[in-house]
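Participant: So here's input13.cif (mmCIF, C-alpha atoms).
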```cif
data_coords
loop_
_atom_site.group_PDB
_atom_site.id
_atom_site.type_symbol
_atom_site.label_atom_id
_atom_site.label_comp_id
_atom_site.auth_asym_id
_atom_site.auth_seq_id
_atom_site.Cartn_x
_atom_site.Cartn_y
_atom_site.Cartn_z
ATOM 1 C CA ALA A 23 21.251 33.354 56.864
ATOM 2 C CA HIS A 24 18.683 34.654 54.558
ATOM 3 C CA GLY A 25 19.378 37.540 52.189
ATOM 4 C CA GLY A 26 16.177 39.653 52.548
ATOM 5 C CA PRO A 27 15.978 43.082 54.157
ATOM 6 C CA PRO A 28 15.451 42.946 57.961
ATOM 7 C CA GLU A 29 12.172 44.919 57.777
ATOM 8 C CA LEU A 30 10.528 42.309 55.489
ATOM 9 C CA PRO A 31 9.266 40.019 58.316
ATOM 10 C CA GLN A 32 7.696 43.024 60.090
ATOM 11 C CA ARG A 33 6.027 44.267 56.889
ATOM 12 C CA LEU A 34 4.704 40.779 56.231
ATOM 13 C CA ALA A 35 3.405 40.497 59.825
ATOM 14 C CA ASP A 36 1.724 43.925 59.533
ATOM 15 C CA LYS A 37 0.102 42.984 56.222
ATOM 16 C CA LEU A 38 -1.123 39.673 57.649
ATOM 17 C CA ASP A 39 -2.545 41.422 60.765
ATOM 18 C CA LYS A 40 -4.397 43.920 58.564
ATOM 19 C CA ALA A 41 -5.848 41.163 56.371
ATOM 20 C CA LEU A 42 -6.985 39.184 59.437
ATOM 21 C CA ARG A 43 -8.658 42.271 60.947
ATOM 22 C CA GLU A 44 -10.531 42.937 57.690
ATOM 23 C CA GLN A 45 -11.608 39.289 57.465
ATOM 24 C CA SER A 46 -12.782 39.401 61.089
ATOM 25 C CA VAL A 47 -14.858 42.544 60.450
ATOM 26 C CA GLN A 48 -16.437 40.954 57.372
ATOM 27 C CA ALA A 49 -17.217 37.723 59.236
ATOM 28 C CA TRP A 50 -18.783 39.637 62.130
ATOM 29 C CA SER A 51 -20.955 41.702 59.786
ATOM 30 C CA LEU A 52 -22.272 38.468 58.243
ATOM 31 C CA ILE A 53 -22.975 36.992 61.677
ATOM 32 C CA ARG A 54 -24.606 40.178 62.958
ATOM 33 C CA GLY A 55 -26.511 40.828 59.744
ATOM 34 C CA CYS A 56 -28.342 44.021 58.920
ATOM 35 C CA SER A 57 -29.041 46.303 61.875
ATOM 36 C CA GLU A 58 -32.324 47.727 60.503
ATOM 37 C CA HIS A 59 -35.668 46.824 62.109
ATOM 38 C CA CYS A 60 -39.195 46.680 60.684
ATOM 39 C CA PRO A 61 -40.755 50.105 61.298
ATOM 40 C CA LEU A 62 -44.027 48.487 62.404
ATOM 41 C CA CYS A 63 -43.114 45.540 64.633
ATOM 42 C CA GLY A 64 -39.411 45.982 65.343
ATOM 43 C CA SER A 65 -38.319 42.625 63.885
ATOM 44 C CA LYS A 66 -34.773 42.633 62.546
ATOM 45 C CA CYS A 67 -34.003 42.710 58.829
ATOM 46 C CA ASP A 68 -32.710 39.250 57.987
ATOM 47 C CA ARG A 69 -30.854 40.086 54.796
ATOM 48 C CA VAL A 70 -27.088 39.821 54.840
ATOM 49 C CA GLY A 71 -24.518 41.556 52.703
ATOM 50 C CA GLU A 72 -25.134 44.726 50.742
ATOM 51 C CA HIS A 73 -28.802 45.402 50.016
ATOM 52 C CA SER A 74 -31.034 48.387 49.368
ATOM 53 C CA ARG A 75 -34.399 46.874 50.388
ATOM 54 C CA HIS A 76 -34.950 45.539 53.895
ATOM 55 C CA HIS A 77 -36.976 42.417 54.632
ATOM 56 C CA CYS A 78 -37.688 40.191 57.587
ATOM 57 C CA SER A 79 -39.054 36.668 57.402
ATOM 58 C CA HIS A 80 -40.949 36.671 60.680
ATOM 59 C CA HIS A 81 -42.849 39.739 61.837
ATOM 60 C CA LEU A 82 -44.262 40.177 65.358
ATOM 61 C CA PHE A 83 -47.503 41.620 66.625
ATOM 62 C CA PRO A 84 -46.671 45.222 67.605
ATOM 63 C CA ALA A 85 -48.153 44.406 71.041
ATOM 64 C CA PHE A 86 -44.958 42.466 71.821
ATOM 65 C CA HIS A 87 -43.209 45.867 71.783
ATOM 66 C CA GLY A 88 -45.928 47.618 73.767
ATOM 67 C CA TRP A 89 -47.944 49.105 70.900
ATOM 68 C CA MET A 90 -51.586 49.595 71.740
ATOM 69 C CA ASP A 91 -54.640 51.293 70.289
ATOM 70 C CA ARG A 92 -54.281 54.995 70.989
ATOM 71 C CA ASN A 93 -57.945 55.260 72.032
ATOM 72 C CA THR A 94 -58.696 52.031 73.926
ATOM 73 C CA GLY A 95 -55.326 50.783 75.208
ATOM 74 C CA ALA A 96 -55.996 47.369 73.613
ATOM 75 C CA PRO A 97 -52.869 45.556 72.392
ATOM 76 C CA SER A 98 -52.114 45.942 68.683
ATOM 77 C CA PHE A 99 -52.469 42.603 66.919
ATOM 78 C CA ASN A 100 -52.188 44.190 63.477
ATOM 79 C CA TYR A 101 -49.746 41.818 61.864
ATOM 80 C CA CYS A 102 -47.479 43.725 59.478
ATOM 81 C CA LEU A 103 -48.846 41.906 56.441
ATOM 82 C CA SER A 104 -52.552 42.022 57.345
ATOM 83 C CA ASP A 105 -55.264 43.958 55.538
ATOM 84 C CA GLU A 106 -55.993 45.885 58.766
ATOM 85 C CA THR A 107 -52.403 47.087 58.845
ATOM 86 C CA ARG A 108 -52.576 48.181 55.207
ATOM 87 C CA GLU A 109 -55.766 50.136 55.909
ATOM 88 C CA GLY A 110 -54.465 51.790 59.091
ATOM 89 C CA THR A 111 -52.812 55.169 59.446
ATOM 90 C CA TYR A 112 -49.390 55.859 60.919
ATOM 91 C CA GLU A 113 -47.864 59.015 62.300
ATOM 92 C CA CYS A 114 -44.992 60.204 60.127
ATOM 93 C CA LYS A 115 -41.984 62.121 61.411
ATOM 94 C CA ASP A 116 -43.615 65.354 60.210
ATOM 95 C CA GLY A 117 -46.616 64.700 62.509
ATOM 96 C CA VAL A 118 -49.033 63.853 59.679
ATOM 97 C CA TRP A 119 -50.999 60.569 59.837
ATOM 98 C CA ARG A 120 -50.727 58.628 56.558
ATOM 99 C CA ARG A 121 -51.727 55.285 55.042
ATOM 100 C CA LEU A 122 -49.120 52.520 55.269
ATOM 101 C CA ASP A 123 -47.613 52.844 51.786
ATOM 102 C CA GLU A 124 -47.296 56.624 52.166
ATOM 103 C CA TYR A 125 -45.840 56.249 55.683
ATOM 104 C CA LEU A 126 -43.209 53.781 54.439
ATOM 105 C CA LYS A 127 -42.390 55.965 51.448
ATOM 106 C CA ALA A 128 -42.045 59.077 53.630
ATOM 107 C CA ASP A 129 -40.178 57.699 56.649
ATOM 108 C CA HIS A 130 -38.865 54.218 55.767
ATOM 109 C CA PRO A 131 -38.302 54.066 51.999
ATOM 110 C CA SER A 132 -36.004 51.034 52.184
ATOM 111 C CA TRP A 133 -38.779 48.863 53.678
ATOM 112 C CA ALA A 134 -41.560 47.230 51.648
ATOM 113 C CA LEU A 135 -44.204 45.045 53.276
ATOM 114 C CA SER A 136 -45.851 42.941 50.617
ATOM 115 C CA ARG A 137 -47.830 39.736 51.319
ATOM 116 C CA GLU A 138 -46.613 38.378 47.997
ATOM 117 C CA ASP A 139 -43.079 38.237 49.416
ATOM 118 C CA TYR A 140 -44.168 35.908 52.208
ATOM 119 C CA GLY A 141 -46.661 33.423 50.739
ATOM 120 C CA ALA A 142 -48.218 30.833 53.065
ATOM 121 C CA SER A 143 -45.705 31.445 55.877
ATOM 122 C CA ALA A 144 -47.602 34.597 56.900
ATOM 123 C CA GLU A 145 -50.687 32.681 58.131
ATOM 124 C CA SER A 146 -48.511 30.144 59.953
ATOM 125 C CA ASP A 147 -46.648 33.011 61.629
ATOM 126 C CA VAL A 148 -49.929 34.550 62.775
ATOM 127 C CA GLN A 149 -50.957 31.291 64.478
ATOM 128 C CA HIS A 150 -47.588 31.060 66.266
ATOM 129 C CA LEU A 151 -47.856 34.710 67.331
ATOM 130 C CA ARG A 152 -51.351 34.167 68.718
ATOM 131 C CA ALA A 153 -50.104 31.200 70.763
ATOM 132 C CA ALA A 154 -47.110 33.206 71.992
ATOM 133 C CA TRP A 155 -49.303 36.173 72.978
ATOM 134 C CA VAL A 156 -51.803 33.992 74.850
ATOM 135 C CA ASN A 157 -49.017 32.352 76.842
ATOM 136 C CA CYS A 158 -47.049 35.572 77.516
ATOM 137 C CA ARG A 159 -49.885 38.073 77.868
ATOM 138 C CA VAL A 160 -50.204 38.190 81.668
ATOM 139 C CA ALA A 161 -46.559 39.189 82.052
ATOM 140 C CA LEU A 162 -46.633 41.509 79.026
ATOM 141 C CA LEU A 163 -49.782 43.322 80.177
ATOM 142 C CA GLU A 164 -48.072 43.960 83.508
ATOM 143 C CA TYR A 165 -44.897 45.132 81.773
ATOM 144 C CA PHE A 166 -46.738 47.403 79.315
ATOM 145 C CA SER A 167 -49.275 48.740 81.819
ATOM 146 C CA PRO A 168 -51.734 50.437 81.175
ATOM 147 C CA MET A 169 -52.223 48.109 78.176
ATOM 148 C CA ALA A 170 -55.694 46.531 78.385
ATOM 149 C CA ASP A 171 -56.298 42.808 77.954
ATOM 150 C CA GLY A 172 -57.814 42.610 74.479
ATOM 151 C CA CYS A 173 -56.983 38.955 73.823
ATOM 152 C CA PRO A 174 -59.799 37.194 71.951
ATOM 153 C CA GLU A 175 -61.285 34.287 73.936
ATOM 154 C CA THR A 176 -60.954 32.005 70.890
ATOM 155 C CA TRP A 177 -57.173 32.499 70.998
ATOM 156 C CA VAL A 178 -57.119 31.554 74.684
ATOM 157 C CA LYS A 179 -59.254 28.461 74.020
ATOM 158 C CA ASP A 180 -57.066 27.382 71.084
ATOM 159 C CA HIS A 181 -53.603 28.186 72.451
ATOM 160 C CA LEU A 182 -53.385 28.455 76.267
ATOM 161 C CA GLU A 183 -50.850 26.020 77.746
ATOM 162 C CA GLU A 184 -51.800 25.739 81.430
ATOM 163 C CA GLY A 185 -48.735 25.582 83.649
ATOM 164 C CA ARG A 186 -46.434 26.907 80.916
ATOM 165 C CA ALA A 187 -47.902 30.384 80.416
ATOM 166 C CA LEU A 188 -45.854 33.232 81.880
ATOM 167 C CA THR A 189 -47.013 34.917 85.072
ATOM 168 C CA LYS A 190 -46.328 38.259 86.748
ATOM 169 C CA ASP A 191 -43.759 36.428 88.916
ATOM 170 C CA ASP A 192 -41.952 35.313 85.753
ATOM 171 C CA LEU A 193 -41.779 38.961 84.700
ATOM 172 C CA LYS A 194 -40.270 39.925 88.049
ATOM 173 C CA ALA A 195 -37.667 37.147 87.746
ATOM 174 C CA ALA A 196 -36.805 38.216 84.175
ATOM 175 C CA LYS A 197 -36.428 41.857 85.219
ATOM 176 C CA GLU A 198 -34.150 40.817 88.085
ATOM 177 C CA THR A 199 -31.991 38.719 85.739
ATOM 178 C CA ILE A 200 -31.745 41.577 83.234
ATOM 179 C CA LYS A 201 -30.763 43.967 86.017
ATOM 180 C CA ARG A 202 -28.024 41.566 87.185
ATOM 181 C CA LEU A 203 -26.806 41.123 83.592
ATOM 182 C CA ARG A 204 -26.503 44.895 83.193
ATOM 183 C CA ILE A 205 -24.427 45.274 86.344
ATOM 184 C CA HIS A 206 -22.393 42.137 85.537
ATOM 185 C CA THR A 207 -23.439 40.152 88.632
ATOM 186 C CA TRP A 208 -25.503 37.408 86.934
ATOM 187 C CA VAL A 209 -24.196 33.846 87.141
ATOM 188 C CA PRO A 210 -25.884 31.079 85.113
ATOM 189 C CA PRO A 211 -27.708 28.406 87.117
ATOM 190 C CA SER A 212 -25.636 25.266 87.692
ATOM 191 C CA ASP A 213 -28.275 22.689 86.768
#
```
Can the structure in the file be given as structure tokens, please?
Facilitator:
Amino acid sequence: AHGGPPELPQRLADKLDKALREQSVQAWSLIRGCSEHCPLCGSKCDRVGEHSRHHCSHHLFPAFHGWMDRNTGAPSFNYCLSDETREGTYECKDGVWRRLDEYLKADHPSWALSREDYGASAESDVQHLRAAWVNCRVALLEYFSPMADGCPETWVKDHLEEGRALTKDDLKAAKETIKRLRIHTWVPPSD
């Protein structure tokens, strides 16, 4: 037999379990990433590990989250890094409307939205977002009713993919799937 105290294997097992739990938590936090979202478009911060400034590589048009012009109901295509967005005003938590830099400083100080951080990828992202909006807009306008259809005709001409664009029926099917997921009755198709 072995001359160690009988509680040694249990202490070792406990220590190993604790170390594995800590490693699991760390691994999950790296997989999950930062939980903060861009205050303008809702895109997730893509930085991992400890950080004090949030950043996301790919912003969305706010219209994808239902944002619209407060006067006309037109979808908001103010890309987070555009000049229009910089010149706009935003309602702060204290009810005061402020310019973008002041809004971020007041309500979201850990976010900075600078074009210099993004380079040429910003214009490429805008083209992809235009194509996505054109091909999703019918369903999204229904979902975000009373949002008005403010899609520029040039976008439709340049990006519409006939037969692939989402319809109101696609929205209904998506809502039904989401409802079944929430009540745990959804089964994946067997194709």
Participant: Just checking: using only C-alpha atoms, which residue out of A:Ser79, A:Asn93, A:Thr189, A:Thr176 ends up closest to A:Leu135?
Facilitator: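 The answer is A:Ser79, which sits nearest to A:Leu135.
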Participant: Within 8 Å of A:Pro84, counting only C-alpha atoms, which residues qualify if same-chain residues fewer than 2 places away don't, as a PyMOL selection string?
Facilitator: chain A and resi 62-64+82+86-90+97-101
Participant: Which residues are near stretch 55-60 of chain A? Cut-off 10 Å, all atoms listed in the file, ignore same chain within fewer than 5 positions. Put them as a list of chain:residue names.
Facilitator: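 Close residues of stretch 55-60 of chain A: A:Ala49, A:Trp50, A:Ser65, A:Lys66, A:Cys67, A:Asp68, A:Arg69, A:Val70, A:Gly71, A:Glu72, A:His73, A:His76, A:His77, A:Cys78, A:His81, A:Leu82, A:Cys102, A:His130, A:Ser132, A:Trp133, A:Ala134, A:Leu135.
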Participant: Could you spell out the hits of the PyMOL selection byres ((chain A and resi 177-180) around 10) on the shown file, as a PyMOL selection string?
Facilitator: chain A and resi 149+152-153+155-157+173-176+181-183
Participant: If I take atom CA of A:Arg121 and atom CA of A:Ala170, how far is one from the other in Å, to one decimal?
Facilitator: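 Those two atoms sit 25.2 Å apart.
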Participant: Enter the distance from atom CA of A:Ser146 to atom CA of A:Arg92, in Å, rounded to one decimal.
Facilitator: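 Atom CA of A:Arg92 lies at a distance of 27.8 Å from atom CA of A:Ser146.
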